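For reference, upload-v2.pdb (PDB, C-alpha atoms):
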MODEL        1
ATOM      1  CA  MET A   1      15.039   9.958   6.503  1.00  0.00           C
ATOM      2  CA  LYS A   2      13.792   8.264   9.656  1.00  0.00           C
ATOM      3  CA  THR A   3      10.991  10.804   9.780  1.00  0.00           C
ATOM      4  CA  SER A   4       9.881  10.118   6.214  1.00  0.00           C
ATOM      5  CA  LYS A   5       9.586   6.385   6.864  1.00  0.00           C
ATOM      6  CA  LEU A   6       7.641   7.065  10.040  1.00  0.00           C
ATOM      7  CA  VAL A   7       5.237   9.431   8.270  1.00  0.00           C
ATOM      8  CA  VAL A   8       4.771   7.060   5.328  1.00  0.00           C
ATOM      9  CA  GLY A   9       4.151   4.177   7.727  1.00  0.00           C
ATOM     10  CA  ILE A  10       1.523   6.063   9.722  1.00  0.00           C
ATOM     11  CA  ILE A  11      -0.282   7.329   6.609  1.00  0.00           C
ATOM     12  CA  SER A  12      -0.155   3.826   5.174  1.00  0.00           C
ATOM     13  CA  ILE A  13      -1.773   2.302   8.252  1.00  0.00           C
ATOM     14  CA  VAL A  14      -4.545   4.919   8.203  1.00  0.00           C
ATOM     15  CA  LEU A  15      -5.125   4.434   4.458  1.00  0.00           C
ATOM     16  CA  CYS A  16      -5.355   0.693   5.017  1.00  0.00           C
ATOM     17  CA  PHE A  17      -8.735   1.087   6.693  1.00  0.00           C
ATOM     18  CA  LEU A  18     -10.087   3.466   4.041  1.00  0.00           C
ATOM     19  CA  VAL A  19      -8.965   1.268   1.155  1.00  0.00           C
ATOM     20  CA  GLY A  20     -10.300  -1.821   2.928  1.00  0.00           C
ATOM     21  CA  LEU A  21     -13.768  -0.322   3.370  1.00  0.00           C
ATOM     22  CA  GLN A  22     -13.916   0.875  -0.220  1.00  0.00           C
ATOM     23  CA  SER A  23     -12.753  -2.515  -1.450  1.00  0.00           C
ATOM     24  CA  CYS A  24     -15.435  -4.321   0.514  1.00  0.00           C
ATOM     25  CA  ALA A  25     -18.056  -2.077  -1.068  1.00  0.00           C
ATOM     26  CA  ALA A  26     -16.582  -2.576  -4.550  1.00  0.00           C
ATOM     27  CA  GLY A  27     -16.398  -6.341  -4.038  1.00  0.00           C
ATOM     28  CA  LEU A  28     -20.009  -6.430  -2.913  1.00  0.00           C
ATOM     29  CA  GLY A  29     -21.016  -4.412  -5.977  1.00  0.00           C
ATOM     30  CA  ASN A  30     -19.107  -6.786  -8.235  1.00  0.00           C
ATOM     31  CA  ALA A  31     -20.768  -9.784  -6.610  1.00  0.00           C
ATOM     32  CA  LEU A  32     -24.255  -8.298  -6.932  1.00  0.00           C
ATOM     33  CA  GLU A  33     -23.708  -7.382 -10.572  1.00  0.00           C
ATOM     34  CA  ASN A  34     -22.051 -10.747 -11.244  1.00  0.00           C
ATOM     35  CA  ASN A  35     -19.645  -9.064 -13.664  1.00  0.00           C
ATOM     36  CA  GLY A  36     -16.610 -11.239 -12.903  1.00  0.00           C
ATOM     37  CA  GLU A  37     -14.317  -8.363 -11.917  1.00  0.00           C
ATOM     38  CA  ILE A  38     -11.828  -8.760  -9.096  1.00  0.00           C
ATOM     39  CA  GLY A  39     -11.255  -5.104  -8.193  1.00  0.00           C
ATOM     40  CA  GLY A  40     -12.625  -5.581  -4.690  1.00  0.00           C
ATOM     41  CA  THR A  41     -10.327  -8.499  -3.971  1.00  0.00           C
ATOM     42  CA  ALA A  42      -7.334  -6.648  -5.382  1.00  0.00           C
ATOM     43  CA  GLY A  43      -8.249  -3.703  -3.166  1.00  0.00           C
ATOM     44  CA  LEU A  44      -8.291  -5.940  -0.101  1.00  0.00           C
ATOM     45  CA  ILE A  45      -4.860  -7.284  -1.055  1.00  0.00           C
ATOM     46  CA  LEU A  46      -3.666  -3.686  -1.412  1.00  0.00           C
ATOM     47  CA  ALA A  47      -5.141  -2.751   1.982  1.00  0.00           C
ATOM     48  CA  ILE A  48      -3.476  -5.679   3.756  1.00  0.00           C
ATOM     49  CA  SER A  49      -0.187  -4.922   2.020  1.00  0.00           C
ATOM     50  CA  LEU A  50      -0.427  -1.270   3.066  1.00  0.00           C
ATOM     51  CA  LEU A  51      -0.863  -2.386   6.655  1.00  0.00           C
ATOM     52  CA  ILE A  52       2.079  -4.796   6.547  1.00  0.00           C
ATOM     53  CA  ALA A  53       4.354  -2.356   4.732  1.00  0.00           C
ATOM     54  CA  GLY A  54       3.412   0.470   7.095  1.00  0.00           C
ATOM     55  CA  ILE A  55       4.252  -1.601  10.153  1.00  0.00           C
ATOM     56  CA  VAL A  56       7.554  -2.755   8.640  1.00  0.00           C
ATOM     57  CA  ALA A  57       8.444   0.808   7.611  1.00  0.00           C
ATOM     58  CA  ILE A  58       7.860   2.059  11.150  1.00  0.00           C
ATOM     59  CA  CYS A  59       9.827  -0.813  12.694  1.00  0.00           C
ATOM     60  CA  THR A  60      12.818  -0.398  10.361  1.00  0.00           C
ATOM     61  CA  ARG A  61      12.960   3.395  10.349  1.00  0.00           C
ATOM     62  CA  LYS A  62      16.185   3.461  12.386  1.00  0.00           C
ATOM     63  CA  GLY A  63      17.977   1.019  10.128  1.00  0.00           C
ATOM     64  CA  GLY A  64      18.697  -2.651  10.430  1.00  0.00           C
ATOM     65  CA  LYS A  65      17.565  -5.575   8.368  1.00  0.00           C
ATOM     66  CA  GLY A  66      14.363  -5.473   6.388  1.00  0.00           C
ATOM     67  CA  GLY A  67      14.474  -1.929   5.051  1.00  0.00           C
ATOM     68  CA  TYR A  68      13.591  -3.011   1.554  1.00  0.00           C
ATOM     69  CA  VAL A  69      10.802  -5.355   2.667  1.00  0.00           C
ATOM     70  CA  SER A  70       8.332  -2.502   2.997  1.00  0.00           C
ATOM     71  CA  THR A  71       9.396  -1.262  -0.439  1.00  0.00           C
ATOM     72  CA  ALA A  72       8.655  -4.683  -1.912  1.00  0.00           C
ATOM     73  CA  PHE A  73       5.207  -4.806  -0.292  1.00  0.00           C
ATOM     74  CA  TYR A  74       4.340  -1.311  -1.525  1.00  0.00           C
ATOM     75  CA  VAL A  75       5.484  -1.968  -5.092  1.00  0.00           C
ATOM     76  CA  LEU A  76       3.868  -5.397  -5.425  1.00  0.00           C
ATOM     77  CA  ALA A  77       0.591  -4.144  -3.977  1.00  0.00           C
ATOM     78  CA  GLY A  78       0.655  -1.143  -6.309  1.00  0.00           C
ATOM     79  CA  LEU A  79       1.212  -3.341  -9.341  1.00  0.00           C
ATOM     80  CA  ILE A  80      -1.554  -5.761  -8.334  1.00  0.00           C
ATOM     81  CA  GLY A  81      -3.928  -2.852  -7.833  1.00  0.00           C
ATOM     82  CA  LEU A  82      -3.115  -1.262 -11.186  1.00  0.00           C
ATOM     83  CA  LEU A  83      -3.493  -4.526 -13.071  1.00  0.00           C
ATOM     84  CA  CYS A  84      -6.772  -5.638 -11.459  1.00  0.00           C
ATOM     85  CA  ALA A  85      -8.676  -2.382 -10.866  1.00  0.00           C
ATOM     86  CA  GLY A  86     -11.457  -2.892 -13.414  1.00  0.00           C
ATOM     87  CA  SER A  87     -14.410  -0.610 -12.738  1.00  0.00           C
ATOM     88  CA  TYR A  88     -13.106   0.221  -9.241  1.00  0.00           C
ATOM     89  CA  SER A  89     -11.328   3.371 -10.423  1.00  0.00           C
ATOM     90  CA  ASP A  90     -10.268   4.542  -6.948  1.00  0.00           C
ATOM     91  CA  LEU A  91      -7.985   1.533  -6.802  1.00  0.00           C
ATOM     92  CA  ASN A  92      -5.808   3.158  -9.462  1.00  0.00           C
ATOM     93  CA  ILE A  93      -5.291   6.144  -7.162  1.00  0.00           C
ATOM     94  CA  TRP A  94      -4.424   3.992  -4.146  1.00  0.00           C
ATOM     95  CA  SER A  95      -2.084   1.895  -6.283  1.00  0.00           C
ATOM     96  CA  VAL A  96      -0.156   4.965  -7.424  1.00  0.00           C
ATOM     97  CA  VAL A  97       0.038   6.151  -3.803  1.00  0.00           C
ATOM     98  CA  SER A  98       1.423   2.743  -2.855  1.00  0.00           C
ATOM     99  CA  LEU A  99       4.058   2.958  -5.585  1.00  0.00           C
ATOM    100  CA  ILE A 100       5.049   6.449  -4.393  1.00  0.00           C
ATOM    101  CA  PHE A 101       5.342   5.177  -0.816  1.00  0.00           C
ATOM    102  CA  GLY A 102       7.528   2.353  -2.089  1.00  0.00           C
ATOM    103  CA  GLY A 103       9.827   4.844  -3.780  1.00  0.00           C
ATOM    104  CA  ILE A 104      10.054   6.953  -0.630  1.00  0.00           C
ATOM    105  CA  CYS A 105      10.908   3.905   1.476  1.00  0.00           C
ATOM    106  CA  ALA A 106      13.526   2.747  -1.027  1.00  0.00           C
ATOM    107  CA  ILE A 107      15.212   6.164  -1.064  1.00  0.00           C
ATOM    108  CA  ALA A 108      15.070   6.434   2.729  1.00  0.00           C
ATOM    109  CA  THR A 109      16.568   2.966   3.183  1.00  0.00           C
ATOM    110  CA  ARG A 110      19.279   3.682   0.632  1.00  0.00           C
ATOM    111  CA  LYS A 111      20.254   6.957   2.347  1.00  0.00           C
ATOM    112  CA  GLN A 112      20.482   5.282   5.762  1.00  0.00           C
ATOM    113  CA  LYS A 113      23.202   2.873   4.675  1.00  0.00           C
TER     114      LYS A 113
ENDMDL
END

For the structure just supplied, provide its representation as structure tokens.
Amino acid sequence: MKTSKLVVGIISIVLCFLVGLQSCAAGLGNALENNGEIGGTAGLILAISLLIAGIVAICTRKGGKGGYVSTAFYVLAGLIGLLCAGSYSDLNIWSVVSLIFGGICAIATRKQK
């Protein structure tokens, strides 16, 4: 299970940059259209949470305290993304990926103890 947390952490850190760039573009589009949507901001929150959760998942892959912290970041970011996506439909995909990563980290942490 150490390997799964390591893989999820690395993929999460890489996805952080992709989601962040897309969110900046979506936020700029929302600002130019003046439509009042917050999908870009929610995407940036998701990107930052992916980065934090990925780092925590890598650091806690061998056990110890904080195993469920990455799960909490993944799940909360996924829920924020799903609730605030608006017209930024890719955010729904990244939110589901975040929820899946949260489930993987929760199972991996549970099996380590």

Matched chain/residue IDs from the PyMOL selection byres ((chain A and resi 84) around 9), as a list in words: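 Evaluating the PyMOL selection byres ((chain A and resi 84) around 9) on this file yields Glu37, Ile38, Gly39, Gly40, Thr41, Ala42, Gly43, Leu79, Ile80, Gly81, Leu82, Leu83, Ala85, Gly86, Tyr88 and Leu91 of chain A.
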
May I have the residues from that selection written out with C-alpha atoms, as a PDB file, in the coordinates of the input?
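selection_0.pdb was written with the following content:
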ATOM      1  CA  GLU A  37     -14.317  -8.363 -11.917  1.00  0.00           C
ATOM      2  CA  ILE A  38     -11.828  -8.760  -9.096  1.00  0.00           C
ATOM      3  CA  GLY A  39     -11.255  -5.104  -8.193  1.00  0.00           C
ATOM      4  CA  GLY A  40     -12.625  -5.581  -4.690  1.00  0.00           C
ATOM      5  CA  THR A  41     -10.327  -8.499  -3.971  1.00  0.00           C
ATOM      6  CA  ALA A  42      -7.334  -6.648  -5.382  1.00  0.00           C
ATOM      7  CA  GLY A  43      -8.249  -3.703  -3.166  1.00  0.00           C
ATOM      8  CA  LEU A  79       1.212  -3.341  -9.341  1.00  0.00           C
ATOM      9  CA  ILE A  80      -1.554  -5.761  -8.334  1.00  0.00           C
ATOM     10  CA  GLY A  81      -3.928  -2.852  -7.833  1.00  0.00           C
ATOM     11  CA  LEU A  82      -3.115  -1.262 -11.186  1.00  0.00           C
ATOM     12  CA  LEU A  83      -3.493  -4.526 -13.071  1.00  0.00           C
ATOM     13  CA  ALA A  85      -8.676  -2.382 -10.866  1.00  0.00           C
ATOM     14  CA  GLY A  86     -11.457  -2.892 -13.414  1.00  0.00           C
ATOM     15  CA  TYR A  88     -13.106   0.221  -9.241  1.00  0.00           C
ATOM     16  CA  LEU A  91      -7.985   1.533  -6.802  1.00  0.00           C
TER      17      LEU A  91
END

Separation of atom CA of Ser4 of chain A from atom CA of Leu21 of chain A in Å: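 Atom CA of Leu21 of chain A sits 26.0 Å away from atom CA of Ser4 of chain A.
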
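Coordinates place atom CA of Ser87 of chain A at a distance of 26.7 Å from atom CA of Gly54 of chain A.
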
Exercise: residues within 6 Å of coordinate (-1.8, -2.3, 9.1), counting all atoms listed in the file, as an MDAnalysis selection string: chainID A and resid 13 51:52

Expanded to explicit residues, what is the PyMOL selection byres ((chain A and resi 59) around 12) for this file, as a PDB file with C-alpha atoms, in the coordinates of the input?
ATOM      1  CA  LYS A   2      13.792   8.264   9.656  1.00  0.00           C
ATOM      2  CA  LYS A   5       9.586   6.385   6.864  1.00  0.00           C
ATOM      3  CA  LEU A   6       7.641   7.065  10.040  1.00  0.00           C
ATOM      4  CA  VAL A   8       4.771   7.060   5.328  1.00  0.00           C
ATOM      5  CA  GLY A   9       4.151   4.177   7.727  1.00  0.00           C
ATOM      6  CA  ILE A  10       1.523   6.063   9.722  1.00  0.00           C
ATOM      7  CA  ILE A  52       2.079  -4.796   6.547  1.00  0.00           C
ATOM      8  CA  ALA A  53       4.354  -2.356   4.732  1.00  0.00           C
ATOM      9  CA  GLY A  54       3.412   0.470   7.095  1.00  0.00           C
ATOM     10  CA  ILE A  55       4.252  -1.601  10.153  1.00  0.00           C
ATOM     11  CA  VAL A  56       7.554  -2.755   8.640  1.00  0.00           C
ATOM     12  CA  ALA A  57       8.444   0.808   7.611  1.00  0.00           C
ATOM     13  CA  ILE A  58       7.860   2.059  11.150  1.00  0.00           C
ATOM     14  CA  THR A  60      12.818  -0.398  10.361  1.00  0.00           C
ATOM     15  CA  ARG A  61      12.960   3.395  10.349  1.00  0.00           C
ATOM     16  CA  LYS A  62      16.185   3.461  12.386  1.00  0.00           C
ATOM     17  CA  GLY A  63      17.977   1.019  10.128  1.00  0.00           C
ATOM     18  CA  GLY A  64      18.697  -2.651  10.430  1.00  0.00           C
ATOM     19  CA  LYS A  65      17.565  -5.575   8.368  1.00  0.00           C
ATOM     20  CA  GLY A  66      14.363  -5.473   6.388  1.00  0.00           C
ATOM     21  CA  GLY A  67      14.474  -1.929   5.051  1.00  0.00           C
ATOM     22  CA  TYR A  68      13.591  -3.011   1.554  1.00  0.00           C
ATOM     23  CA  VAL A  69      10.802  -5.355   2.667  1.00  0.00           C
ATOM     24  CA  SER A  70       8.332  -2.502   2.997  1.00  0.00           C
TER      25      SER A  70
END

Evaluate the PyMOL selection byres ((chain A and resi 15-19) around 8) and report residues as JSON, numbers by chain: {"A": [11, 12, 13, 14, 20, 21, 22, 23, 43, 44, 46, 47, 48, 50, 51, 94]}

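Taking atom CA of Gln112 of chain A and atom CA of Ala72 of chain A as the two end points, the separation is 17.3 Å.
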
Taking all atoms of segment 34-41 of chain A that the file lists, what box with edges along x, y and z, padded by 4 Å per side, do you get, with centre and edge lengths in Å to one decimal, as JSON?
{"center_x": -16.2, "center_y": -8.2, "center_z": -8.8, "size_x": 19.7, "size_y": 14.1, "size_z": 17.7}

Would you please take segment 74-108 of chain A of the structure in the block above and write N, CA, C and O atoms to a file as a PDB file, in the first residue's frame?
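Okay, result23.pdb is ready:
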ATOM      1  N   TYR A  74      -8.148  15.588  -0.105  1.00  0.00           N
ATOM      2  CA  TYR A  74      -8.700  15.110  -1.373  1.00  0.00           C
ATOM      3  C   TYR A  74     -10.225  15.191  -1.380  1.00  0.00           C
ATOM      4  O   TYR A  74     -10.822  15.661  -2.353  1.00  0.00           O
ATOM      5  N   VAL A  75     -10.855  14.739  -0.327  1.00  0.00           N
ATOM      6  CA  VAL A  75     -12.322  14.698  -0.291  1.00  0.00           C
ATOM      7  C   VAL A  75     -12.913  16.105  -0.247  1.00  0.00           C
ATOM      8  O   VAL A  75     -13.856  16.414  -0.989  1.00  0.00           O
ATOM      9  N   LEU A  76     -12.362  16.970   0.592  1.00  0.00           N
ATOM     10  CA  LEU A  76     -12.889  18.338   0.668  1.00  0.00           C
ATOM     11  C   LEU A  76     -12.697  19.091  -0.644  1.00  0.00           C
ATOM     12  O   LEU A  76     -13.600  19.801  -1.097  1.00  0.00           O
ATOM     13  N   ALA A  77     -11.541  18.915  -1.266  1.00  0.00           N
ATOM     14  CA  ALA A  77     -11.304  19.574  -2.552  1.00  0.00           C
ATOM     15  C   ALA A  77     -12.243  19.034  -3.624  1.00  0.00           C
ATOM     16  O   ALA A  77     -12.760  19.796  -4.447  1.00  0.00           O
ATOM     17  N   GLY A  78     -12.477  17.729  -3.615  1.00  0.00           N
ATOM     18  CA  GLY A  78     -13.403  17.136  -4.576  1.00  0.00           C
ATOM     19  C   GLY A  78     -14.821  17.662  -4.410  1.00  0.00           C
ATOM     20  O   GLY A  78     -15.509  17.957  -5.392  1.00  0.00           O
ATOM     21  N   LEU A  79     -15.250  17.787  -3.166  1.00  0.00           N
ATOM     22  CA  LEU A  79     -16.600  18.303  -2.916  1.00  0.00           C
ATOM     23  C   LEU A  79     -16.726  19.774  -3.308  1.00  0.00           C
ATOM     24  O   LEU A  79     -17.733  20.180  -3.902  1.00  0.00           O
ATOM     25  N   ILE A  80     -15.710  20.574  -3.008  1.00  0.00           N
ATOM     26  CA  ILE A  80     -15.739  21.982  -3.405  1.00  0.00           C
ATOM     27  C   ILE A  80     -15.791  22.096  -4.924  1.00  0.00           C
ATOM     28  O   ILE A  80     -16.542  22.895  -5.477  1.00  0.00           O
ATOM     29  N   GLY A  81     -14.996  21.291  -5.598  1.00  0.00           N
ATOM     30  CA  GLY A  81     -14.986  21.329  -7.060  1.00  0.00           C
ATOM     31  C   GLY A  81     -16.315  20.926  -7.672  1.00  0.00           C
ATOM     32  O   GLY A  81     -16.791  21.546  -8.617  1.00  0.00           O
ATOM     33  N   LEU A  82     -16.927  19.880  -7.122  1.00  0.00           N
ATOM     34  CA  LEU A  82     -18.221  19.432  -7.665  1.00  0.00           C
ATOM     35  C   LEU A  82     -19.316  20.458  -7.427  1.00  0.00           C
ATOM     36  O   LEU A  82     -20.197  20.649  -8.274  1.00  0.00           O
ATOM     37  N   LEU A  83     -19.278  21.121  -6.286  1.00  0.00           N
ATOM     38  CA  LEU A  83     -20.341  22.069  -5.962  1.00  0.00           C
ATOM     39  C   LEU A  83     -20.213  23.399  -6.711  1.00  0.00           C
ATOM     40  O   LEU A  83     -21.222  24.067  -6.946  1.00  0.00           O
ATOM     41  N   CYS A  84     -18.991  23.781  -7.080  1.00  0.00           N
ATOM     42  CA  CYS A  84     -18.770  25.115  -7.648  1.00  0.00           C
ATOM     43  C   CYS A  84     -18.322  25.107  -9.099  1.00  0.00           C
ATOM     44  O   CYS A  84     -17.825  26.122  -9.588  1.00  0.00           O
ATOM     45  N   ALA A  85     -18.470  24.005  -9.813  1.00  0.00           N
ATOM     46  CA  ALA A  85     -17.906  23.898 -11.163  1.00  0.00           C
ATOM     47  C   ALA A  85     -18.515  24.903 -12.138  1.00  0.00           C
ATOM     48  O   ALA A  85     -17.807  25.553 -12.892  1.00  0.00           O
ATOM     49  N   GLY A  86     -19.803  25.032 -12.174  1.00  0.00           N
ATOM     50  CA  GLY A  86     -20.445  25.962 -13.106  1.00  0.00           C
ATOM     51  C   GLY A  86     -20.213  25.540 -14.547  1.00  0.00           C
ATOM     52  O   GLY A  86     -20.381  24.377 -14.919  1.00  0.00           O
ATOM     53  N   SER A  87     -19.781  26.474 -15.374  1.00  0.00           N
ATOM     54  CA  SER A  87     -19.556  26.170 -16.788  1.00  0.00           C
ATOM     55  C   SER A  87     -18.183  25.541 -17.034  1.00  0.00           C
ATOM     56  O   SER A  87     -17.888  25.126 -18.146  1.00  0.00           O
ATOM     57  N   TYR A  88     -17.345  25.476 -16.028  1.00  0.00           N
ATOM     58  CA  TYR A  88     -16.026  24.862 -16.120  1.00  0.00           C
ATOM     59  C   TYR A  88     -16.198  23.358 -15.906  1.00  0.00           C
ATOM     60  O   TYR A  88     -16.010  22.826 -14.828  1.00  0.00           O
ATOM     61  N   SER A  89     -16.588  22.664 -16.983  1.00  0.00           N
ATOM     62  CA  SER A  89     -16.993  21.258 -16.865  1.00  0.00           C
ATOM     63  C   SER A  89     -15.826  20.315 -16.586  1.00  0.00           C
ATOM     64  O   SER A  89     -16.029  19.234 -16.040  1.00  0.00           O
ATOM     65  N   ASP A  90     -14.601  20.697 -16.925  1.00  0.00           N
ATOM     66  CA  ASP A  90     -13.455  19.848 -16.604  1.00  0.00           C
ATOM     67  C   ASP A  90     -13.248  19.725 -15.099  1.00  0.00           C
ATOM     68  O   ASP A  90     -12.671  18.752 -14.626  1.00  0.00           O
ATOM     69  N   LEU A  91     -13.721  20.709 -14.363  1.00  0.00           N
ATOM     70  CA  LEU A  91     -13.569  20.667 -12.916  1.00  0.00           C
ATOM     71  C   LEU A  91     -14.319  19.485 -12.311  1.00  0.00           C
ATOM     72  O   LEU A  91     -13.897  18.934 -11.296  1.00  0.00           O
ATOM     73  N   ASN A  92     -15.415  19.083 -12.938  1.00  0.00           N
ATOM     74  CA  ASN A  92     -16.130  17.894 -12.463  1.00  0.00           C
ATOM     75  C   ASN A  92     -15.257  16.653 -12.576  1.00  0.00           C
ATOM     76  O   ASN A  92     -15.245  15.808 -11.671  1.00  0.00           O
ATOM     77  N   ILE A  93     -14.509  16.548 -13.655  1.00  0.00           N
ATOM     78  CA  ILE A  93     -13.619  15.398 -13.856  1.00  0.00           C
ATOM     79  C   ILE A  93     -12.517  15.399 -12.802  1.00  0.00           C
ATOM     80  O   ILE A  93     -12.250  14.381 -12.158  1.00  0.00           O
ATOM     81  N   TRP A  94     -11.878  16.550 -12.595  1.00  0.00           N
ATOM     82  CA  TRP A  94     -10.787  16.620 -11.627  1.00  0.00           C
ATOM     83  C   TRP A  94     -11.301  16.406 -10.214  1.00  0.00           C
ATOM     84  O   TRP A  94     -10.584  15.862  -9.368  1.00  0.00           O
ATOM     85  N   SER A  95     -12.530  16.812  -9.945  1.00  0.00           N
ATOM     86  CA  SER A  95     -13.110  16.598  -8.621  1.00  0.00           C
ATOM     87  C   SER A  95     -13.348  15.116  -8.358  1.00  0.00           C
ATOM     88  O   SER A  95     -13.083  14.628  -7.250  1.00  0.00           O
ATOM     89  N   VAL A  96     -13.839  14.407  -9.353  1.00  0.00           N
ATOM     90  CA  VAL A  96     -14.043  12.960  -9.198  1.00  0.00           C
ATOM     91  C   VAL A  96     -12.705  12.252  -9.022  1.00  0.00           C
ATOM     92  O   VAL A  96     -12.573  11.338  -8.193  1.00  0.00           O
ATOM     93  N   VAL A  97     -11.688  12.681  -9.765  1.00  0.00           N
ATOM     94  CA  VAL A  97     -10.346  12.106  -9.598  1.00  0.00           C
ATOM     95  C   VAL A  97      -9.847  12.352  -8.177  1.00  0.00           C
ATOM     96  O   VAL A  97      -9.270  11.460  -7.544  1.00  0.00           O
ATOM     97  N   SER A  98     -10.086  13.531  -7.654  1.00  0.00           N
ATOM     98  CA  SER A  98      -9.678  13.849  -6.289  1.00  0.00           C
ATOM     99  C   SER A  98     -10.399  12.963  -5.277  1.00  0.00           C
ATOM    100  O   SER A  98      -9.788  12.490  -4.316  1.00  0.00           O
ATOM    101  N   LEU A  99     -11.680  12.730  -5.489  1.00  0.00           N
ATOM    102  CA  LEU A  99     -12.422  11.849  -4.581  1.00  0.00           C
ATOM    103  C   LEU A  99     -11.900  10.409  -4.659  1.00  0.00           C
ATOM    104  O   LEU A  99     -11.811   9.722  -3.634  1.00  0.00           O
ATOM    105  N   ILE A 100     -11.547   9.954  -5.850  1.00  0.00           N
ATOM    106  CA  ILE A 100     -10.985   8.609  -6.005  1.00  0.00           C
ATOM    107  C   ILE A 100      -9.643   8.517  -5.286  1.00  0.00           C
ATOM    108  O   ILE A 100      -9.367   7.533  -4.583  1.00  0.00           O
ATOM    109  N   PHE A 101      -8.808   9.547  -5.443  1.00  0.00           N
ATOM    110  CA  PHE A 101      -7.518   9.560  -4.748  1.00  0.00           C
ATOM    111  C   PHE A 101      -7.722   9.547  -3.236  1.00  0.00           C
ATOM    112  O   PHE A 101      -6.967   8.902  -2.505  1.00  0.00           O
ATOM    113  N   GLY A 102      -8.728  10.248  -2.761  1.00  0.00           N
ATOM    114  CA  GLY A 102      -9.031  10.233  -1.338  1.00  0.00           C
ATOM    115  C   GLY A 102      -9.414   8.849  -0.849  1.00  0.00           C
ATOM    116  O   GLY A 102      -8.998   8.414   0.223  1.00  0.00           O
ATOM    117  N   GLY A 103     -10.203   8.136  -1.654  1.00  0.00           N
ATOM    118  CA  GLY A 103     -10.563   6.769  -1.292  1.00  0.00           C
ATOM    119  C   GLY A 103      -9.360   5.845  -1.271  1.00  0.00           C
ATOM    120  O   GLY A 103      -9.212   5.008  -0.371  1.00  0.00           O
ATOM    121  N   ILE A 104      -8.474   6.001  -2.242  1.00  0.00           N
ATOM    122  CA  ILE A 104      -7.267   5.168  -2.289  1.00  0.00           C
ATOM    123  C   ILE A 104      -6.394   5.438  -1.070  1.00  0.00           C
ATOM    124  O   ILE A 104      -5.882   4.503  -0.436  1.00  0.00           O
ATOM    125  N   CYS A 105      -6.228   6.704  -0.713  1.00  0.00           N
ATOM    126  CA  CYS A 105      -5.408   7.036   0.452  1.00  0.00           C
ATOM    127  C   CYS A 105      -6.039   6.531   1.751  1.00  0.00           C
ATOM    128  O   CYS A 105      -5.332   6.074   2.648  1.00  0.00           O
ATOM    129  N   ALA A 106      -7.359   6.597   1.846  1.00  0.00           N
ATOM    130  CA  ALA A 106      -8.029   6.103   3.045  1.00  0.00           C
ATOM    131  C   ALA A 106      -7.849   4.586   3.182  1.00  0.00           C
ATOM    132  O   ALA A 106      -7.551   4.086   4.272  1.00  0.00           O
ATOM    133  N   ILE A 107      -8.006   3.875   2.092  1.00  0.00           N
ATOM    134  CA  ILE A 107      -7.833   2.410   2.125  1.00  0.00           C
ATOM    135  C   ILE A 107      -6.390   2.050   2.437  1.00  0.00           C
ATOM    136  O   ILE A 107      -6.119   1.158   3.246  1.00  0.00           O
ATOM    137  N   ALA A 108      -5.447   2.764   1.833  1.00  0.00           N
ATOM    138  CA  ALA A 108      -4.028   2.479   2.069  1.00  0.00           C
ATOM    139  C   ALA A 108      -3.645   2.756   3.514  1.00  0.00           C
ATOM    140  O   ALA A 108      -2.912   1.991   4.140  1.00  0.00           O
TER     141      ALA A 108
END
